[in-house]
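**Q** PDB, C-alpha atoms, saved as protein39.pdb, coming up:
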```pdb
ATOM      1  CA  MET A 281       8.552  28.610  -6.178
ATOM      2  CA  LYS A 282       6.835  31.859  -5.202
ATOM      3  CA  PHE A 283       4.080  31.660  -2.587
ATOM      4  CA  GLU A 284       1.356  34.265  -2.620
ATOM      5  CA  SER A 285      -0.022  33.790   0.855
ATOM      6  CA  ARG A 286       0.394  32.020   4.145
ATOM      7  CA  SER A 287      -2.552  29.762   3.317
ATOM      8  CA  GLN A 288      -0.847  28.757   0.068
ATOM      9  CA  ARG A 289       2.357  27.842   1.955
ATOM     10  CA  PHE A 290       0.295  25.860   4.437
ATOM     11  CA  GLY A 291      -1.485  24.187   1.507
ATOM     12  CA  TRP A 292       1.844  23.122  -0.029
ATOM     13  CA  VAL A 293       3.028  21.617   3.255
ATOM     14  CA  CYS A 294      -0.251  19.750   3.696
ATOM     15  CA  PHE A 295      -0.286  18.597   0.063
ATOM     16  CA  LEU A 296       3.272  17.241   0.248
ATOM     17  CA  CYS A 297       2.527  15.460   3.547
ATOM     18  CA  TYR A 298      -0.607  14.024   1.962
ATOM     19  CA  LEU A 299       1.372  12.732  -1.052
ATOM     20  CA  ALA A 300       3.936  11.126   1.265
ATOM     21  CA  CYS A 301       1.210   9.383   3.291
ATOM     22  CA  LEU A 302      -0.620   8.272   0.153
ATOM     23  CA  SER A 303       2.596   6.868  -1.332
ATOM     24  CA  TYR A 304       3.264   4.921   1.845
ATOM     25  CA  LEU A 305      -0.256   3.482   1.947
ATOM     26  CA  VAL A 306      -0.328   2.555  -1.725
ATOM     27  CA  PHE A 307       3.147   1.054  -2.022
ATOM     28  CA  PHE A 308       4.502   0.112   1.410
ATOM     29  CA  ALA A 309       1.745  -0.367   4.049
ATOM     30  CA  GLU A 310       1.756  -3.951   5.284
ATOM     31  CA  MET A 311      -1.859  -3.618   6.415
ATOM     32  CA  PHE A 312      -2.780  -3.487   2.701
ATOM     33  CA  GLY A 313      -0.699  -6.528   1.794
ATOM     34  CA  ARG A 314       2.405  -4.611   0.710
ATOM     35  CA  THR A 315       5.007  -7.090   1.952
ATOM     36  CA  GLY A 316       7.934  -6.012  -0.211
ATOM     37  CA  ARG A 317       7.952  -9.113  -2.358
ATOM     38  CA  GLU A 318       6.800  -9.069  -5.951
ATOM     39  CA  GLU A 319       3.679 -10.871  -7.021
ATOM     40  CA  ALA A 320       4.176 -13.631  -9.578
ATOM     41  CA  ALA A 321       1.637 -12.290 -12.060
ATOM     42  CA  TYR A 322       0.234  -8.958 -13.083
ATOM     43  CA  SER A 323      -3.048  -8.170 -11.364
ATOM     44  CA  TYR A 324      -5.563  -5.930 -13.083
ATOM     45  CA  ASN A 325      -9.240  -5.197 -13.641
ATOM     46  CA  LEU A 326     -10.282  -3.392 -16.810
ATOM     47  CA  VAL A 327     -14.057  -3.858 -16.396
ATOM     48  CA  LEU A 328     -15.771  -0.854 -14.802
ATOM     49  CA  PHE A 329     -17.812  -1.713 -11.668
ATOM     50  CA  ARG A 330     -16.546  -5.334 -11.521
ATOM     51  CA  GLU A 331     -14.646  -4.936  -8.225
ATOM     52  CA  ILE A 332     -17.199  -2.522  -6.764
ATOM     53  CA  ARG A 333     -19.949  -5.055  -7.483
ATOM     54  CA  ARG A 334     -17.843  -7.932  -6.101
ATOM     55  CA  PHE A 335     -17.161  -6.080  -2.852
ATOM     56  CA  TRP A 336     -20.854  -5.230  -2.526
ATOM     57  CA  VAL A 337     -22.144  -8.735  -3.310
ATOM     58  CA  TYR A 338     -19.694 -10.419  -0.920
ATOM     59  CA  ARG A 339     -19.759  -7.702   1.744
ATOM     60  CA  ARG A 340     -20.920 -10.109   4.480
ATOM     61  CA  GLN A 341     -18.183 -12.631   3.746
ATOM     62  CA  LEU A 342     -15.458  -9.988   3.328
ATOM     63  CA  GLY A 343     -16.439  -7.999   6.411
ATOM     64  CA  PHE A 344     -17.145  -4.344   6.972
ATOM     65  CA  MET A 345     -13.521  -3.188   7.124
ATOM     66  CA  ALA A 346     -12.482  -4.794   3.829
ATOM     67  CA  VAL A 347     -15.478  -3.320   2.024
ATOM     68  CA  PHE A 348     -15.091   0.080   3.671
ATOM     69  CA  MET A 349     -11.351   0.277   2.960
ATOM     70  CA  ASN A 350     -11.831  -0.616  -0.693
ATOM     71  CA  LEU A 351     -14.899   1.450  -1.532
ATOM     72  CA  ALA A 352     -14.915   4.401   0.870
ATOM     73  CA  GLY A 353     -11.157   4.349   1.412
ATOM     74  CA  ASN A 354     -10.446   5.021  -2.257
ATOM     75  CA  VAL A 355     -12.783   8.012  -2.120
ATOM     76  CA  ILE A 356     -11.525   9.345   1.220
ATOM     77  CA  TRP A 357      -7.833   9.125   0.320
ATOM     78  CA  PHE A 358      -8.329  11.392  -2.680
ATOM     79  CA  LEU A 359     -10.408  14.077  -0.939
ATOM     80  CA  PRO A 360      -7.250  16.029   0.031
ATOM     81  CA  PHE A 361      -6.085  16.077  -3.604
ATOM     82  CA  GLY A 362      -9.276  17.877  -4.648
ATOM     83  CA  PHE A 363      -9.160  20.158  -1.612
ATOM     84  CA  PHE A 364      -5.519  21.272  -1.642
ATOM     85  CA  LEU A 365      -4.880  21.540  -5.393
ATOM     86  CA  PRO A 366      -7.066  24.654  -5.845
ATOM     87  CA  LEU A 367      -5.344  26.179  -2.824
ATOM     88  CA  ILE A 368      -1.813  25.712  -4.154
ATOM     89  CA  SER A 369      -2.310  26.185  -7.894
ATOM     90  CA  ARG A 370      -4.182  28.653 -10.058
ATOM     91  CA  ARG A 371      -4.906  25.839 -12.514
ATOM     92  CA  GLY A 372      -6.510  23.893  -9.682
ATOM     93  CA  GLU A 373      -9.060  26.647  -9.222
ATOM     94  CA  LYS A 374     -10.771  25.445 -12.397
ATOM     95  CA  TRP A 375     -12.908  22.414 -11.538
ATOM     96  CA  TYR A 376     -12.113  20.544 -14.728
ATOM     97  CA  CYS A 377      -8.342  20.957 -14.222
ATOM     98  CA  THR A 378      -8.555  19.590 -10.690
ATOM     99  CA  ILE A 379     -10.657  16.628 -11.791
ATOM    100  CA  LEU A 380      -8.410  15.849 -14.786
ATOM    101  CA  LEU A 381      -5.234  16.144 -12.698
ATOM    102  CA  GLY A 382      -6.749  13.968  -9.970
ATOM    103  CA  ALA A 383      -7.884  11.307 -12.430
ATOM    104  CA  GLY A 384      -4.498  11.446 -14.148
ATOM    105  CA  PHE A 385      -2.676  11.085 -10.840
ATOM    106  CA  SER A 386      -4.887   8.134  -9.953
ATOM    107  CA  LEU A 387      -4.156   6.533 -13.331
ATOM    108  CA  PHE A 388      -0.426   7.089 -12.726
ATOM    109  CA  ILE A 389      -0.627   5.320  -9.346
ATOM    110  CA  GLU A 390      -2.552   2.419 -10.861
ATOM    111  CA  LEU A 391      -0.002   2.087 -13.683
ATOM    112  CA  VAL A 392       2.897   2.093 -11.204
ATOM    113  CA  GLN A 393       1.093  -0.603  -9.216
ATOM    114  CA  LEU A 394       0.672  -2.673 -12.382
ATOM    115  CA  VAL A 395       4.285  -2.327 -13.512
ATOM    116  CA  THR A 396       5.793  -2.925 -10.064
ATOM    117  CA  LYS A 397       3.250  -5.660  -9.221
ATOM    118  CA  VAL A 398       2.515  -3.913  -5.919
ATOM    119  CA  GLY A 399      -1.253  -3.997  -5.597
ATOM    120  CA  SER A 400      -3.310  -4.187  -8.737
ATOM    121  CA  PHE A 401      -4.424  -1.948 -11.566
ATOM    122  CA  ASP A 402      -8.167  -1.363 -11.177
ATOM    123  CA  VAL A 403     -10.360   0.973 -13.208
ATOM    124  CA  ASP A 404     -12.836   0.989 -10.322
ATOM    125  CA  ASP A 405     -10.134   2.522  -8.116
ATOM    126  CA  ILE A 406      -9.631   5.292 -10.683
ATOM    127  CA  LEU A 407     -13.387   5.992 -10.633
ATOM    128  CA  LEU A 408     -13.570   6.006  -6.822
ATOM    129  CA  ASN A 409     -10.424   8.143  -6.520
ATOM    130  CA  THR A 410     -11.855  10.650  -9.003
ATOM    131  CA  ILE A 411     -15.085  10.822  -6.999
ATOM    132  CA  GLY A 412     -12.891  11.634  -3.982
ATOM    133  CA  VAL A 413     -11.182  14.431  -5.933
ATOM    134  CA  ILE A 414     -14.587  15.861  -6.901
ATOM    135  CA  LEU A 415     -15.820  15.763  -3.295
ATOM    136  CA  GLY A 416     -12.573  17.393  -2.143
ATOM    137  CA  TYR A 417     -13.008  20.170  -4.709
ATOM    138  CA  VAL A 418     -16.608  20.725  -3.612
ATOM    139  CA  SER A 419     -15.415  20.855   0.016
ATOM    140  CA  PHE A 420     -12.794  23.451  -0.941
ATOM    141  CA  GLY A 421     -15.488  25.550  -2.631
ATOM    142  CA  ALA A 422     -17.698  25.313   0.452
ATOM    143  CA  ALA A 423     -14.791  26.285   2.713
ATOM    144  CA  GLN A 424     -14.012  29.269   0.465
ATOM    145  CA  LYS A 425     -17.630  30.411   0.582
ATOM    146  CA  ILE A 426     -17.749  30.140   4.371
ATOM    147  CA  SER A 427     -14.438  32.022   4.633
ATOM    148  CA  ARG A 428     -15.733  34.866   2.436
ATOM    149  CA  GLN A 429     -18.931  35.105   4.504
ATOM    150  CA  GLN A 430     -16.888  35.272   7.719
ATOM    151  CA  GLN A 431     -14.705  38.034   6.261
ATOM    152  CA  LYS A 432     -17.801  40.040   5.280
ATOM    153  CA  LYS A 433     -19.191  39.702   8.798
ATOM    154  CA  ARG A 434     -15.920  40.917  10.305
ATOM    155  CA  ARG A 435     -15.866  43.952   8.002
ATOM    156  CA  TRP A 436     -19.418  44.897   8.974
ATOM    157  CA  ARG A 437     -18.574  44.704  12.678
ATOM    158  CA  LEU A 438     -15.746  47.212  12.285
TER     159      LEU A 438
END
```
As structure tokens, please, write out the structure in this file.

**A**
Amino acid sequence: MKFESRSQRFGWVCFLCYLACLSYLVFFAEMFGRTGREEAAYSYNLVLFREIRRFWVYRRQLGFMAVFMNLAGNVIWFLPFGFFLPLISRRGEKWYCTILLGAGFSLFIELVQLVTKVGSFDVDDILLNTIGVILGYVSFGAAQKISRQQQKKRRWRL
């Protein structure tokens, strides 16, 4: 694996750490009900917006943290995917590649959850995760723009 820059090396380290943390949270974190024992039945939702609507309708009964962790958490945990992928891969520089890879990775996680019966397969999670990838990509673009502006300012000062 050839690295072009220090920022790309840093991006790889961050991306791999992110994937390790995400894997732990999705498959092993006890705070999310991952107890190590298999569920008796497959758990899945194939109806778009069903779980999002359920969390919103019952938000008072479920409590802020449960709603936040399900809705915002799914978005937040995929922000780094959209941010670091363009940094570490030329393909990731294209917005549609980053979004497709992020959605595909989210689908992969959901399928592994379904097959292993750890968590549940949920199309709403795929949607929320993909929104997180998009926001991460937009954040990367904004950071790149700010970086270029700072470099121009430094050149003018010299």

**Q** Return the single residue from A:Phe308, A:Asn409, A:Trp436, A:Arg286 that is closest to Pro360 (chain A), with distances computed using all atoms listed in the file.

**A**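 Of A:Phe308, A:Asn409, A:Trp436, A:Arg286, the one nearest Pro360 (chain A), counting all atoms listed in the file, is A:Asn409.
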
**Q** Rank A:Val347, A:Val293, A:Leu328, A:Leu305 by their smallest atom-to-atom distance to Asp402 (chain A), using all atoms listed in the file, and report the top residue only.

**A**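 Among the listed residues, A:Leu328 lies closest to Asp402 (chain A).
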
**Q** Tell me which residues the PyMOL selection byres ((chain A and resi 424-433) around 12) grabs here, as a PyMOL selection string.

**A** chain A and resi 287+363-364+366-367+373+417-423+434-438

**Q** Looking at all atoms listed in the file, which of A:Ser369, A:Ser323, A:Asn350, A:Ser386 is the one that sits closest to Phe401 (chain A)?

**A**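 Closest to Phe401 (chain A), using all atoms listed in the file: A:Ser323.
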
**Q** Please tell me which residues are no farther than 9 Å from (-10.3, 4.8, -7.6) in the file, counting all atoms listed in the file, and write them as a PyMOL selection string.

**A** chain A and resi 350-351+354-355+358+383+386-387+390+402-412

**Q** Return as JSON the box centre and box size in Å, one decimal, for an axis-aligned box around all listed atoms of region 383-387 of chain A padded by 4 Å per side.

**A**
```
{"center_x": -5.3, "center_y": 9.0, "center_z": -12.1, "size_x": 13.2, "size_y": 12.9, "size_z": 12.2}
```
